[in-house]
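Q: Quick one: the structure is below, and I'll ask about it shortly.
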Amino acid sequence: MCLSSNDFFTLSNSGGTCCSSAYQVALEHLQHHHPAGRWNIYLFYFSDGDNLPYDNTVCKGLVETLLTQCNMVGYGEIRYHDDASFYGWMGQTTPTPSSLQSALQEITHPRLLSVTITHKEEIYPVLQTFLQPKEAAHV
């Protein structure tokens with residue numbers, strides 16, 4: 001489903017987040033438009049980790065499938081206490097991993113990189129880590 005920018009930023013739903021829909025759309029797009037044998041595919045997904053509990057297993061299965069199609073899959077979880085801690089205005093406590101990140105960390109695959117972002121200054125280095133050759137990546 002495609003939405004206009006206005007709809008994307010103004011529509012809301014109180015039903016919760018179902019992250020597998022993004023992975024499913026990515027997989028379908030790759031299979032139909034960018035077959036693995038013809039493209040170098042690097043997939044990045046950033047989330048606050050908020051996901052419906054029953055969907056974590058679905059996400060895990062889709063990521064495992066995507067790893068057969070992609071050179072690398074990166075999951076970046078943005079975790080912070082509040083805007084003040086994310087932007088460096090005050091101290092930060094170490095939050096626990098989300099259930100989605102915990103489910104994805106069960107996948108032991110050399111081309112899956114999972115990172116946690118707690119401050120805005122970490123975003124660019126995380127992207128650099130995602131794009132490093134695998135033997136140089138430390139996450």
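In the structure tokens, the first chain shown is A, the next is B, and so on; residue numbers restart at 1 for each chain, and ligands run from 1 in the order shown.
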If we count only C-alpha atoms and set the cut-off at 7 Å, which residues sit around region 40-47 of chain A, ignoring sequence neighbours fewer than 5 positions away in its own chain? Please answer as a list of chain:residue names.
A: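 Skipping anything fewer than 5 positions along the chain leaves A:Cys70, A:Asn71, A:Met72, A:Val73, A:Gly74, A:Tyr75, A:Gly76, A:Glu77, A:Ile78.
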Q: Using all heavy atoms, can you write the selected residues to a file as a JSON list (two decimals), in the first residue's frame?
A:
[["chain", "number", "residue", "atom", "x", "y", "z"],
["A", 70, "CYS", "N", 19.46, -10.92, 0.23],
["A", 70, "CYS", "CA", 20.21, -9.69, 0.44],
["A", 70, "CYS", "C", 21.68, -9.97, 0.76],
["A", 70, "CYS", "O", 22.01, -10.98, 1.37],
["A", 70, "CYS", "CB", 19.62, -8.90, 1.62],
["A", 70, "CYS", "SG", 17.92, -8.37, 1.37],
["A", 71, "ASN", "N", 22.54, -9.01, 0.37],
["A", 71, "ASN", "CA", 23.94, -9.07, 0.76],
["A", 71, "ASN", "C", 24.07, -8.81, 2.26],
["A", 71, "ASN", "O", 25.00, -9.30, 2.90],
["A", 71, "ASN", "CB", 24.75, -8.03, 0.00],
["A", 71, "ASN", "CG", 24.79, -8.33, -1.47],
["A", 71, "ASN", "OD1", 23.78, -8.25, -2.14],
["A", 71, "ASN", "ND2", 25.95, -8.69, -1.97],
["A", 72, "MET", "N", 23.15, -8.00, 2.79],
["A", 72, "MET", "CA", 23.17, -7.67, 4.20],
["A", 72, "MET", "C", 21.80, -7.13, 4.61],
["A", 72, "MET", "O", 21.15, -6.45, 3.83],
["A", 72, "MET", "CB", 24.25, -6.63, 4.47],
["A", 72, "MET", "CG", 24.67, -6.49, 5.93],
["A", 72, "MET", "SD", 23.69, -5.35, 6.89],
["A", 72, "MET", "CE", 23.98, -3.85, 6.03],
["A", 73, "VAL", "N", 21.39, -7.46, 5.82],
["A", 73, "VAL", "CA", 20.18, -6.90, 6.42],
["A", 73, "VAL", "C", 20.61, -6.22, 7.71],
["A", 73, "VAL", "O", 21.27, -6.83, 8.55],
["A", 73, "VAL", "CB", 19.11, -7.98, 6.70],
["A", 73, "VAL", "CG1", 17.93, -7.39, 7.45],
["A", 73, "VAL", "CG2", 18.65, -8.66, 5.40],
["A", 74, "GLY", "N", 20.24, -4.96, 7.84],
["A", 74, "GLY", "CA", 20.58, -4.20, 9.04],
["A", 74, "GLY", "C", 19.32, -3.81, 9.79],
["A", 74, "GLY", "O", 18.34, -3.37, 9.19],
["A", 75, "TYR", "N", 19.34, -4.02, 11.11],
["A", 75, "TYR", "CA", 18.23, -3.59, 11.97],
["A", 75, "TYR", "C", 18.80, -2.59, 12.97],
["A", 75, "TYR", "O", 19.71, -2.91, 13.74],
["A", 75, "TYR", "CB", 17.62, -4.78, 12.71],
["A", 75, "TYR", "CG", 16.57, -4.35, 13.72],
["A", 75, "TYR", "CD1", 15.31, -3.94, 13.29],
["A", 75, "TYR", "CD2", 16.84, -4.34, 15.08],
["A", 75, "TYR", "CE1", 14.34, -3.53, 14.21],
["A", 75, "TYR", "CE2", 15.88, -3.93, 16.00],
["A", 75, "TYR", "CZ", 14.65, -3.53, 15.55],
["A", 75, "TYR", "OH", 13.69, -3.12, 16.46],
["A", 76, "GLY", "N", 18.29, -1.38, 12.93],
["A", 76, "GLY", "CA", 18.70, -0.35, 13.88],
["A", 76, "GLY", "C", 17.55, 0.00, 14.80],
["A", 76, "GLY", "O", 16.49, 0.41, 14.32],
["A", 77, "GLU", "N", 17.75, -0.22, 16.08],
["A", 77, "GLU", "CA", 16.68, 0.09, 17.04],
["A", 77, "GLU", "C", 17.02, 1.38, 17.77],
["A", 77, "GLU", "O", 18.07, 1.50, 18.38],
["A", 77, "GLU", "CB", 16.50, -1.05, 18.04],
["A", 77, "GLU", "CG", 15.31, -0.80, 18.93],
["A", 77, "GLU", "CD", 14.83, -2.06, 19.61],
["A", 77, "GLU", "OE1", 14.46, -3.02, 18.90],
["A", 77, "GLU", "OE2", 14.83, -2.07, 20.85],
["A", 78, "ILE", "N", 16.11, 2.32, 17.66],
["A", 78, "ILE", "CA", 16.29, 3.62, 18.30],
["A", 78, "ILE", "C", 15.61, 3.55, 19.66],
["A", 78, "ILE", "O", 14.40, 3.46, 19.76],
["A", 78, "ILE", "CB", 15.69, 4.74, 17.42],
["A", 78, "ILE", "CG1", 16.39, 4.74, 16.07],
["A", 78, "ILE", "CG2", 15.80, 6.08, 18.13],
["A", 78, "ILE", "CD1", 15.75, 5.62, 15.03]]
Q: Please list as a list in words every residue within 12 Å of Ser98 (chain A), counting only C-alpha atoms and excluding residues in the same chain fewer than 5 positions away.
A: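 Answer for this query is Ser47, Asp48, Gly49, Asp50, Asn51, Leu52, Pro53, Asn56, Gly76, Glu77, Ile78, Arg79, Tyr80, Ala103, Leu104, Gln105, Val115 and Thr116 of chain A.
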Q: Rounded to one decimal in Å, what is the spacing between CA of Ile107 (chain A) and CA of Gln132 (chain A)?
A: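 Rounded to one decimal, the two atoms are 20.1 Å apart.
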Q: Would you compute the distance between CA of Gln24 (chain A) and CA of Gln128 (chain A)? Give it in Å to one decimal.
A: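 For CA of Gln24 (chain A) relative to CA of Gln128 (chain A), the distance reads 25.5 Å.
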Q: Could you give me the residues within region 26-134 of chain A that DSSP places in helix (DSSP H, G or I), as an NGL selection string?
A: :A and (26-33 or 55-66 or 83-86 or 99-105 or 120-131)
Q: To one decimal in Å, tell me the separation between CA of Arg111 (chain A) and CA of Thr17 (chain A).
A: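 CA of Thr17 (chain A) lies at a distance of 25.5 Å from CA of Arg111 (chain A).
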Q: If you run DSSP on the backbone, which residues of region 12-77 of chain A are strand (DSSP E or B), as a PyMOL selection string?
A: chain A and resi 42-47+72-77
Q: What does the file look like for those residues with all heavy atoms, as a compact mmCIF listing (two decimals), in the first residue's frame?
A:
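The result, written out as result-v9.txt:
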# COMPACT_ATOMS: atom_id res chain seq x y z
N TYR A 42 21.12 -4.31 -0.07
CA TYR A 42 21.38 -4.00 1.33
C TYR A 42 20.10 -3.41 1.90
O TYR A 42 19.65 -2.36 1.47
CB TYR A 42 22.54 -3.01 1.46
CG TYR A 42 23.84 -3.60 0.99
CD1 TYR A 42 24.16 -3.63 -0.38
CD2 TYR A 42 24.73 -4.16 1.89
CE1 TYR A 42 25.34 -4.21 -0.82
CE2 TYR A 42 25.91 -4.74 1.46
CZ TYR A 42 26.21 -4.75 0.10
OH TYR A 42 27.37 -5.32 -0.33
N LEU A 43 19.51 -4.10 2.84
CA LEU A 43 18.23 -3.69 3.42
C LEU A 43 18.47 -3.16 4.83
O LEU A 43 19.12 -3.81 5.64
CB LEU A 43 17.28 -4.88 3.47
CG LEU A 43 15.92 -4.61 4.10
CD1 LEU A 43 15.00 -4.02 3.04
CD2 LEU A 43 15.34 -5.87 4.66
N PHE A 44 17.94 -1.97 5.10
CA PHE A 44 18.04 -1.38 6.43
C PHE A 44 16.63 -1.12 6.96
O PHE A 44 15.78 -0.62 6.23
CB PHE A 44 18.77 -0.03 6.39
CG PHE A 44 20.12 -0.11 5.76
CD1 PHE A 44 20.34 0.39 4.49
CD2 PHE A 44 21.18 -0.69 6.43
CE1 PHE A 44 21.58 0.33 3.89
CE2 PHE A 44 22.43 -0.75 5.84
CZ PHE A 44 22.63 -0.25 4.58
N TYR A 45 16.42 -1.46 8.21
CA TYR A 45 15.14 -1.20 8.85
C TYR A 45 15.43 -0.56 10.20
O TYR A 45 16.18 -1.11 11.01
CB TYR A 45 14.35 -2.50 9.03
CG TYR A 45 12.99 -2.30 9.66
CD1 TYR A 45 11.94 -1.76 8.94
CD2 TYR A 45 12.77 -2.63 10.99
CE1 TYR A 45 10.69 -1.58 9.51
CE2 TYR A 45 11.52 -2.45 11.57
CZ TYR A 45 10.49 -1.92 10.83
OH TYR A 45 9.25 -1.72 11.40
N PHE A 46 14.85 0.61 10.43
CA PHE A 46 15.01 1.31 11.71
C PHE A 46 13.66 1.35 12.41
O PHE A 46 12.63 1.57 11.77
CB PHE A 46 15.53 2.73 11.48
CG PHE A 46 16.96 2.75 11.03
CD1 PHE A 46 17.27 2.65 9.68
CD2 PHE A 46 17.99 2.85 11.95
CE1 PHE A 46 18.59 2.66 9.25
CE2 PHE A 46 19.31 2.87 11.52
CZ PHE A 46 19.60 2.77 10.18
N SER A 47 13.67 1.14 13.71
CA SER A 47 12.43 1.05 14.48
C SER A 47 12.69 1.49 15.91
O SER A 47 13.81 1.46 16.39
CB SER A 47 11.95 -0.41 14.46
OG SER A 47 10.86 -0.60 15.33
N MET A 72 23.15 -8.00 2.79
CA MET A 72 23.17 -7.67 4.20
C MET A 72 21.80 -7.13 4.61
O MET A 72 21.15 -6.45 3.83
CB MET A 72 24.25 -6.63 4.47
CG MET A 72 24.67 -6.49 5.93
SD MET A 72 23.69 -5.35 6.89
CE MET A 72 23.98 -3.85 6.03
N VAL A 73 21.39 -7.46 5.82
CA VAL A 73 20.18 -6.90 6.42
C VAL A 73 20.61 -6.22 7.71
O VAL A 73 21.27 -6.83 8.55
CB VAL A 73 19.11 -7.98 6.70
CG1 VAL A 73 17.93 -7.39 7.45
CG2 VAL A 73 18.65 -8.66 5.40
N GLY A 74 20.24 -4.96 7.84
CA GLY A 74 20.58 -4.20 9.04
C GLY A 74 19.32 -3.81 9.79
O GLY A 74 18.34 -3.37 9.19
N TYR A 75 19.34 -4.02 11.11
CA TYR A 75 18.23 -3.59 11.97
C TYR A 75 18.80 -2.59 12.97
O TYR A 75 19.71 -2.91 13.74
CB TYR A 75 17.62 -4.78 12.71
CG TYR A 75 16.57 -4.35 13.72
CD1 TYR A 75 15.31 -3.94 13.29
CD2 TYR A 75 16.84 -4.34 15.08
CE1 TYR A 75 14.34 -3.53 14.21
CE2 TYR A 75 15.88 -3.93 16.00
CZ TYR A 75 14.65 -3.53 15.55
OH TYR A 75 13.69 -3.12 16.46
N GLY A 76 18.29 -1.38 12.93
CA GLY A 76 18.70 -0.35 13.88
C GLY A 76 17.55 0.00 14.80
O GLY A 76 16.49 0.41 14.32
N GLU A 77 17.75 -0.22 16.08
CA GLU A 77 16.68 0.09 17.04
C GLU A 77 17.02 1.38 17.77
O GLU A 77 18.07 1.50 18.38
CB GLU A 77 16.50 -1.05 18.04
CG GLU A 77 15.31 -0.80 18.93
CD GLU A 77 14.83 -2.06 19.61
OE1 GLU A 77 14.46 -3.02 18.90
OE2 GLU A 77 14.83 -2.07 20.85
